[in-house]
Each structure stands twice: as C-alpha cells, then as structure tokens.
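Written out below as structure tokens is the structure these notes cover.
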Amino acid sequence: MDELDYLVALTQMKGIGSIRAKQLMEYFGSAKAVFEADANTLMQTHAGEILLPQIDDPKVMEKAHREREWADEKHIRLLSCTDTDYPSRLKDIPDAPALLYYLGDASLEASHVISIVGTRTSTQYGRDRVRQLVSDLAQALPDTLIVSGLAMGIDVSAHSAALDVHLPTVGVLAHGLDRIYPVQNRNVAKAMIQLHGGLITEYPSQTEPCRGNFLARNRIIAALADVVVVAESKERGGALVTARIANSYSREVTAFPGRATDDRSKGCNALIKNNQACLITDAADLMKLMQWEPGSLHFLRDNSEAETTLHSPTAHAIMNLLRDRGTLKPEEIAECLHIERFLLTDELLQMELDGVIRTLPGDMIEASC
C-alpha cells in the first residue's frame, strides 16, 4: 500500500472527510503516519475519538482499495494536496481538500481561470450576459478556463456557453463522480469531458448530493479561479456564499448589475452596493479590472467595428441605454429617450440589420455587442 491508499482510506472514514484529513496529515506528516500512530498519540488530536474505532478496521482499507480500482477503471485522477499536480490556486487556501477526484484533461493551471456562478432560476437576461461574456473571452483570451458548479440556471449556462465557443470548462461537483446531479445536465457533463474540459470533486463515489456538500464545494469554485463572476443572484443563495468565500481568499469578485426591481438581480446589486463586487457589463470591463491584455487582435477589431456600425446619434443613444439597463421593450426605449414610436421602429430595424441589437422573446430588445 502506498501513501495514496492511506489518504483515500482516511478521507472515507466516517466523521473525517477531506478537510479534517488534511489537518491530520499536517499534524502527523502523512496519511500513512496517521494509521501508524498509537492510541495515545491519536487521542491527543481533535479527531482521536473518531479515529480509534476505525483505524484498525480492515474494512476501511478494503473500501479504499475498491475506490482506487474504480477510479483507475474510470480514468479518474486522484490529486493529493501533497502532489505537484494539485491545483496551485487551491493549494494555499486554509481549508483546501486533502484529496481531489478529477475526470478530464483541462489544465487547472490555465493562464486565466474564471468562475461564473448565479441563481438556479436564471432569467434570459442572466443567461445572455453569461453567453456574451464567455463568447467575448474566447476571442480575447483563448487560454481561458471557465469553472462553475454544473447546477441548473447560470451554472449550466456558463458550461454550455464555453462548449459553444470551444473553451475548456470544469464543473465542481458536490457528490461523487459515479453520478451527475441534476440528471438533466448529464449530456452537458459528457460534452465537457469529450471537449477537453473536466469534472472535479473532493467526494468519493457513493457520496450523495446534499445541502452541506453544495455549500462546501463553493469554496473550491472560488479558490480555483482568478476572478469570480456573479452573473445573476437573488437576495440569498449559493452564489453569494461563493462571492463571500472568494473575497476571504483575496480573489476578485465581479457582478452584473440588474434593475432595482428585479428579484433575481437583488444579490448582484447588493454585492456592488456594499463594495463586495466590482460592477462589470462585459468582458472588456473584466479584463480591465484584471489587467489582462487581449491575446487576440480579432477581439479588438470586432469591438471597434461594432461601434462604427452605429449609423446615427439616436442609434448611439439606444445602444448606451441598452448597455446601461439591459433588455428593454421598444416602448420603454421610446419613453426613456423621448422618441416617437414610428421613428424608433426604423432605428431598431436598421440596428438589428447591422447586427448590433437583437430581439428576444416577449419583444424585448438587447444589445448584441
């Protein structure tokens, strides 16, 4: 048996888990040393009463052996916190997992890693903001890795947007890699693996998804990234937990603003209002904040061309309003800019033909650049 066998066994013990296992490894020097310690020494630790009934139970090592065999069969890599290939961004946080299970081949050491989080009950506005952000990042910074939690709503929108533009994307799971939750995202997860992305978790197989696990995995989403983007969030929710954790890890946190009356933007607006997140409206804002230089001249050319296609002062005013307010109905644009509806209709038609705006379901208008 090697050190990894002992580590798998330690993390699978009842009452231990990945974080406590790391603490024990730091105290004893290795996972193997925990198993070799005598009863008196074990009882001097905070976990002694939990460890003693299990440490000599042969079933513990048998279970660990089965887990390693299963992982090998499924081509799952086991990353110990003492390994050189353990994610460097994650390694130095105080509550980093002792062990990670990783399926995929995306580089967790990508030059630019962005975690995108938000509500499970996302709106078209939130999903469109994510899609545009990821699309622009793919042009400007093609070495970007997109991280999220594979949940419904904003999470799966982020993964899907990355797949659409061929950016690698990694999902952080709150359960073992022997299942996908929710099942509706199984095809997305499969595509992520096939298209050089990945799935990662601190939990062994047979671990069921539960509320505590989802909250715990948020720290990994936060720590893996250079910057966390809260795309859309209610007043309470897991995305805000991730933002708070990211702030505690000295990660940059950003958020898309929304209307003051939109329930699913209240969390983002509160983060911005309380200086817990920087306001961004697009990829250019994010890159400026992070001081990231575009790696693609195509990105710069596309954005400059978008500006030159605005054919009139009215078109400029409409574009600025949409960038500031998000999606609006034609009558709302007319009211804000004091434009007669029949004149606005001609402007909107020309702008849509120029490709700078698009019409969404419900007759909503949105800037497309």
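Ordering of the structure tokens sets the chain letters (A, B, ...), residue numbers begin anew at 1 in every chain, and ligands are numbered from 1 in the order given.
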Report as a ChimeraX atom specification: the residues of range 40-287 of chain A with a DSSP assignment of strand (DSSP E), based on the backbone of this structure.
/A:77-80,99-104,112-118,144-148,169-172,198-201,227-232,252-255,278-279
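Excluding Gly212 in chain A and any residue on its chain fewer than 5 positions from it, the residues at most 12 Å away by only C-alpha atoms are Ala174, His175, Thr207, Arg217, Asn218, Arg219 and Gly238 of chain A.
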Could you name the residues that touch Arg244 in chain A at 10 Å or less, counting only C-alpha atoms, but leaving out those on the same chain fewer than 6 positions away, as a ChimeraX atom specification?
/A:218-219,222,238,250-251,253,271,276-277
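What separates CA of His159 in chain A from CA of Met192 in chain A is a distance of 7.7 Å.
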Polymer residues at most 8 Å from Gln132 in chain A, only C-alpha atoms, same-chain spacing of 4 or more positions, as a PyMOL selection string
chain A and resi 128+136+282+368-369
Just to be explicit: take each residue in the selection above, keep C-alpha atoms, and write the result as a tab-separated table (two decimals), in the first residue's frame.
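Written output follows (out.tsv):
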chain	number	residue	atom	x	y	z
A	128	ASP	CA	-27.48	36.15	-22.22
A	136	ASP	CA	-16.01	37.57	-25.93
A	282	ASP	CA	-18.90	42.89	-20.42
A	368	SER	CA	-25.60	42.16	-29.05
A	369	CYS	CA	-22.13	43.71	-28.74
When you count only C-alpha atoms, which of these residues is closest to Thr201 in chain A: A:Pro168, A:Ser18, A:Glu340, A:Glu67?
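Nearest candidate to Thr201 in chain A out of A:Pro168, A:Ser18, A:Glu340, A:Glu67: A:Ser18.
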What does the distance between CA of Ile116 in chain A and CA of Ser148 in chain A come to in Å, to one decimal place?
5.5 Å
Proximity check range 118-151 of chain A to range 96-106 of chain A, 12 Å, nearest pairs one decimal Å, only C-alpha atoms, as JSON lines:
{"residue": "A:Asp143", "atom": "CA", "partner": "A:Ala106", "partner_atom": "CA", "distance": 10.8}
{"residue": "A:Thr144", "atom": "CA", "partner": "A:Ala106", "partner_atom": "CA", "distance": 10.5}
{"residue": "A:Leu145", "atom": "CA", "partner": "A:Ala106", "partner_atom": "CA", "distance": 7.9}
{"residue": "A:Ile146", "atom": "CA", "partner": "A:Ala106", "partner_atom": "CA", "distance": 10.1}
{"residue": "A:Val147", "atom": "CA", "partner": "A:Ala106", "partner_atom": "CA", "distance": 10.7}
Output file for the residues above (C-alpha atoms, as a PDB file, in the first residue's frame):
ATOM      1  CA  ASP A 143      -6.416  30.309 -22.979  1.00  0.00           C
ATOM      2  CA  THR A 144      -9.281  30.884 -20.503  1.00  0.00           C
ATOM      3  CA  LEU A 145     -10.772  28.126 -18.341  1.00  0.00           C
ATOM      4  CA  ILE A 146     -14.414  28.512 -17.253  1.00  0.00           C
ATOM      5  CA  VAL A 147     -15.347  26.997 -13.889  1.00  0.00           C
TER       6      VAL A 147
END
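The closest residue to Lys63 in chain A, picked from A:Leu10, A:Leu173, A:Leu349, A:Ala191 and counting only C-alpha atoms, is A:Leu10.
As for CA of Asp164 in chain A and CA of Val188 in chain A, they are spaced 11.0 Å apart.
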For range 207-321 of chain A against range 84-90 of chain A, with a cut-off of 8 Å and counting only C-alpha atoms, what is the closest atom pair and its distance in Å to one decimal for every residue that makes the cut, ordered by chain and number, as CSV?
residue,atom,partner,partner_atom,distance
A:Ile220,CA,A:Leu90,CA,7.2
A:Ala223,CA,A:Leu90,CA,5.3
A:Leu224,CA,A:Arg89,CA,5.4
A:Ala225,CA,A:Arg89,CA,7.2
If you count only C-alpha atoms, which residues fall within 12 Å of Glu335 in chain A, apart from same-chain ones fewer than 6 positions away, as a ChimeraX atom specification?
/A:318,321,328-329,341,344
Pick out the residues sitting within 12 Å of Phe256 in chain A, and hand them over as a count of residues only; count only C-alpha atoms, and ignore anything fewer than 6 positions along from it in its own chain.
39
Please identify all polymer residues within 6 Å of Ser205 in chain A, counting only C-alpha atoms, omitting same-chain residues fewer than 2 positions from it, and present them as a PyMOL selection string.
chain A and resi 176-178+207
